[in-house]
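I have placed the structure first, in the form of structure tokens, so that the comments after it can refer back to it.
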Amino acid sequence: MTVEQIARILDAGIICGEERSQHDIDIAFASDLMSDVLTLKEDNVLLITGLANMQTLRTAEMSDIHCIIFARNKKISEEMKELARENDIIVLECRYSVFRTCGILYEAGISPVF
Amino acid sequence: MHFEYQIEGGNFTRAGFASSEIKKKLKQLNVDLGIVKRTVVATYEAEVNVVAHAYSGTIYVDFDEEKVVIKLVDEGPGIPDIEKAMTEGFSTASSTVREMGFGAGMGLPNMKKNADDLQVSSEVGKGTTVQITMFFQKPDNDK
């Protein structure tokens, strides 16, 4: 499923990386605990989180995560946007809860990491 | 090749900067991407620990053809019981650290899982030294 399709079904905005909206996503992981995200061995995981700070972006960078959805209507700062652009990380902002976001994506065929 | 980076205790805005620089250097050297990921995840966990627990620290990075050795030396409270600190779930992190998405007692165990070799030494009241060694040629299948 492409980022563009994901944004459409979640009624989400692509804040960074719109030029890469055809990027394909197959698997996703939801967490506000970055320590858990750092244990993932898989690459190209979509991260769904409500934790909006610089460390979310840094964790994605270290874990080779190329797309993050900030749920619960969290807004990211200019500094975070800059870091996302530097590292080619696509960022979406979504007003739905993490639970609702995950439910919609699961129903649409995105697989869990485990 | 030798590089050094300074870490400021408590500065979460900058945490990860050094690990990011190390990642760029490993990629420039065409190191296998699986090894790059394990190296930077272990280093980032260690860097966040210095920011979370110490007053200041320095990362010393030494590359040769076979390996990279990353040594993080901090000035801080130290770890009274390293074995206990290596136990998954054990944490002394503050609420501020937890709000940043860390402090679940997973850092040191995850460093051990990702590093080819991990050495931790500490003196209470002085500081902690963490040394991560990664071999470039080692097969990735046992990690």
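Residues are named by chain letter and number: chains run A, B, ... in the order of the structure tokens, numbers start at 1 in each chain, and ligands are numbered from 1 in the order shown.
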Dump as CSV the rows for residues of chain A within 7 Å of chain B: closest atom pair and distance in Å with one decimal, only C-alpha atoms counted, ordered by chain and rising residue number.
```
residue,atom,partner,partner_atom,distance
A:Asp32,CA,B:Gly101,CA,6.1
A:Leu33,CA,B:Gly101,CA,4.5
A:Met34,CA,B:Gly101,CA,4.9
A:Ser35,CA,B:Phe102,CA,5.5
A:Leu38,CA,B:Val41,CA,6.6
A:Thr39,CA,B:Asn110,CA,6.7
A:Met54,CA,B:Thr13,CA,6.1
A:Gln55,CA,B:Met100,CA,6.8
A:Arg58,CA,B:Gly16,CA,6.1
A:Met62,CA,B:Val41,CA,5.7
A:Ser63,CA,B:Lys37,CA,6.5
```
Practice problem: Using only C-alpha atoms, determine which residues lie at most 7 Å from segment 4-17 of chain A, disregarding the query and same-chain residues fewer than 5 positions distant; provide the list as JSON, numbers by chain. | Solution: {"A": [22, 81, 85, 88, 89, 90, 91, 92, 93, 94, 101]}
Given the selection you just returned, output its residues as a file containing C-alpha atoms, formatted as a PDB file, in the first residue's frame.
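Result written to part-v6.pdb:
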```
ATOM      1  CA  GLN A  22       4.308   6.326  -3.877  1.00  0.00           C
ATOM      2  CA  LYS A  81      10.360  18.470  10.177  1.00  0.00           C
ATOM      3  CA  ARG A  85      13.709  15.863   5.665  1.00  0.00           C
ATOM      4  CA  ASP A  88      14.224  11.131   4.072  1.00  0.00           C
ATOM      5  CA  ILE A  89      11.550  10.184   6.579  1.00  0.00           C
ATOM      6  CA  ILE A  90       7.963  10.601   5.410  1.00  0.00           C
ATOM      7  CA  VAL A  91       5.749  12.125   8.111  1.00  0.00           C
ATOM      8  CA  LEU A  92       1.956  12.011   8.315  1.00  0.00           C
ATOM      9  CA  GLU A  93      -0.224  13.746  10.890  1.00  0.00           C
ATOM     10  CA  CYS A  94      -3.528  12.067  11.673  1.00  0.00           C
ATOM     11  CA  THR A 101      -5.422   4.340  12.979  1.00  0.00           C
TER      12      THR A 101
END
```
Quiz item: as a count of residues only, which residues of segment 12-130 of chain B does DSSP assign to helix (DSSP H, G or I)?
Solution: 50
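Put simply, atom CA of Gly9 of chain B is 7.4 Å away from atom CA of Gly57 of chain B.
Atom pair atom CA of Glu107 of chain A / atom CA of Asp43 of chain A has a distance of 21.7 Å (rounded to one decimal).
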Quiz item: Of the candidates A:Ile69, A:Leu105, A:Met1, A:Leu40, which shows the shortest atom-to-atom distance to Leu57 of chain A, using only C-alpha atoms?
Solution: A:Ile69
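Atom CA of Met80 of chain A is positioned 23.8 Å from atom CA of Phe99 of chain A.
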Which neighbours of Asp26 of chain A fall inside 8 Å, counting only C-alpha atoms, when residues of the same chain fewer than 2 positions from it are skipped, and could you give them as a CSV table (one decimal) with C-alpha atoms, in the first residue's frame?
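Wrote it out as result20.csv, contents follow:
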```csv
chain,number,residue,atom,x,y,z
A,1,MET,CA,0.0,0.0,0.0
A,24,ASP,CA,5.2,1.2,-0.5
A,28,ALA,CA,3.5,-1.5,10.7
A,45,VAL,CA,8.3,-0.5,9.0
A,46,LEU,CA,5.6,2.1,9.3
A,109,GLY,CA,-4.1,-5.1,4.6
A,110,ILE,CA,-1.1,-3.7,6.4
A,111,SER,CA,0.5,-6.5,8.4
```
Quiz prompt | Shell of 8 Å around segment 59-69 of chain B, only C-alpha atoms, local chain residues under 5 positions omitted, as a PyMOL selection string | solution = chain B and resi 1-7+18+131-137
Quick one: write out the picked residues with C-alpha atoms as an mmCIF file, in the first residue's frame?
```cif
data_model
loop_
_atom_site.group_PDB
_atom_site.id
_atom_site.type_symbol
_atom_site.label_atom_id
_atom_site.label_comp_id
_atom_site.auth_asym_id
_atom_site.auth_seq_id
_atom_site.Cartn_x
_atom_site.Cartn_y
_atom_site.Cartn_z
ATOM 1 C CA MET B 1 40.258 6.768 11.505
ATOM 2 C CA HIS B 2 39.411 8.373 14.805
ATOM 3 C CA PHE B 3 36.479 10.633 15.716
ATOM 4 C CA GLU B 4 35.215 12.134 18.963
ATOM 5 C CA TYR B 5 31.832 13.542 19.923
ATOM 6 C CA GLN B 6 30.735 15.353 23.069
ATOM 7 C CA ILE B 7 27.468 14.476 24.814
ATOM 8 C CA ALA B 18 26.614 11.494 17.397
ATOM 9 C CA GLN B 131 32.521 -0.080 24.747
ATOM 10 C CA ILE B 132 30.773 -1.451 21.662
ATOM 11 C CA THR B 133 32.776 -3.433 19.097
ATOM 12 C CA MET B 134 31.354 -4.344 15.700
ATOM 13 C CA PHE B 135 33.104 -6.497 13.098
ATOM 14 C CA PHE B 136 32.423 -5.651 9.455
ATOM 15 C CA GLN B 137 32.901 -9.132 8.027
#
```
Quiz item: Could you pull out all residues of chain A with a DSSP call of strand (DSSP E) and give them as a VMD selection string?
Solution: chain A and resid 13 to 16 27 to 30 45 to 49 67 to 70 90 to 93 111 to 112
Could you please take those selected residues and save N, CA and C atoms as a compact mmCIF listing (two decimals), in the first residue's frame?
```
# COMPACT_ATOMS: atom_id res chain seq x y z
N GLY A 13 -2.66 14.13 6.77
CA GLY A 13 -1.85 15.03 5.94
C GLY A 13 -0.42 14.54 5.85
N ILE A 14 0.14 14.62 4.63
CA ILE A 14 1.57 14.29 4.49
C ILE A 14 2.35 15.58 4.74
N ILE A 15 3.04 15.61 5.87
CA ILE A 15 3.72 16.83 6.32
C ILE A 15 5.12 16.94 5.72
N CYS A 16 5.79 15.80 5.61
CA CYS A 16 7.13 15.75 5.00
C CYS A 16 7.19 14.59 4.03
N ILE A 27 4.29 -3.41 6.34
CA ILE A 27 4.17 -3.77 7.76
C ILE A 27 4.22 -2.53 8.64
N ALA A 28 3.58 -2.66 9.82
CA ALA A 28 3.52 -1.51 10.72
C ALA A 28 3.67 -1.94 12.18
N PHE A 29 4.07 -0.95 12.99
CA PHE A 29 4.25 -1.17 14.42
C PHE A 29 3.78 0.09 15.13
N ALA A 30 3.02 -0.08 16.22
CA ALA A 30 2.52 1.09 16.96
C ALA A 30 3.11 1.09 18.35
N VAL A 45 9.56 -0.41 8.23
CA VAL A 45 8.34 -0.54 9.04
C VAL A 45 7.67 0.84 9.12
N LEU A 46 6.36 0.84 9.04
CA LEU A 46 5.60 2.08 9.28
C LEU A 46 5.41 2.20 10.79
N LEU A 47 5.82 3.35 11.36
CA LEU A 47 5.65 3.56 12.80
C LEU A 47 4.43 4.44 13.05
N ILE A 48 3.55 3.95 13.92
CA ILE A 48 2.38 4.73 14.33
C ILE A 48 2.59 5.09 15.80
N THR A 49 2.58 6.38 16.11
CA THR A 49 2.87 6.80 17.48
C THR A 49 2.13 8.08 17.84
N CYS A 67 8.82 5.89 7.37
CA CYS A 67 7.52 6.58 7.41
C CYS A 67 6.94 6.53 8.83
N ILE A 68 6.49 7.68 9.32
CA ILE A 68 5.88 7.76 10.66
C ILE A 68 4.51 8.42 10.54
N ILE A 69 3.54 7.84 11.24
CA ILE A 69 2.23 8.51 11.39
C ILE A 69 2.13 9.00 12.83
N PHE A 70 1.99 10.31 12.99
CA PHE A 70 1.73 10.86 14.31
C PHE A 70 0.21 10.93 14.48
N ILE A 90 9.28 10.07 5.77
CA ILE A 90 7.96 10.60 5.41
C ILE A 90 7.15 10.73 6.70
N VAL A 91 6.52 11.89 6.88
CA VAL A 91 5.75 12.12 8.11
C VAL A 91 4.30 12.45 7.77
N LEU A 92 3.39 11.73 8.45
CA LEU A 92 1.96 12.01 8.31
C LEU A 92 1.41 12.43 9.67
N GLU A 93 0.49 13.38 9.67
CA GLU A 93 -0.22 13.75 10.89
C GLU A 93 -1.68 13.32 10.72
N SER A 111 0.24 -5.40 7.47
CA SER A 111 0.50 -6.50 8.41
C SER A 111 1.21 -6.02 9.66
N PRO A 112 0.98 -6.71 10.78
CA PRO A 112 1.75 -6.38 12.00
C PRO A 112 3.17 -6.95 11.90
```
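Of the residues listed (B:Leu108, B:Val97, B:Val31, B:Asp117), B:Leu108 shows the shortest atom-to-atom separation from Lys84 of chain B; distances use only C-alpha atoms.
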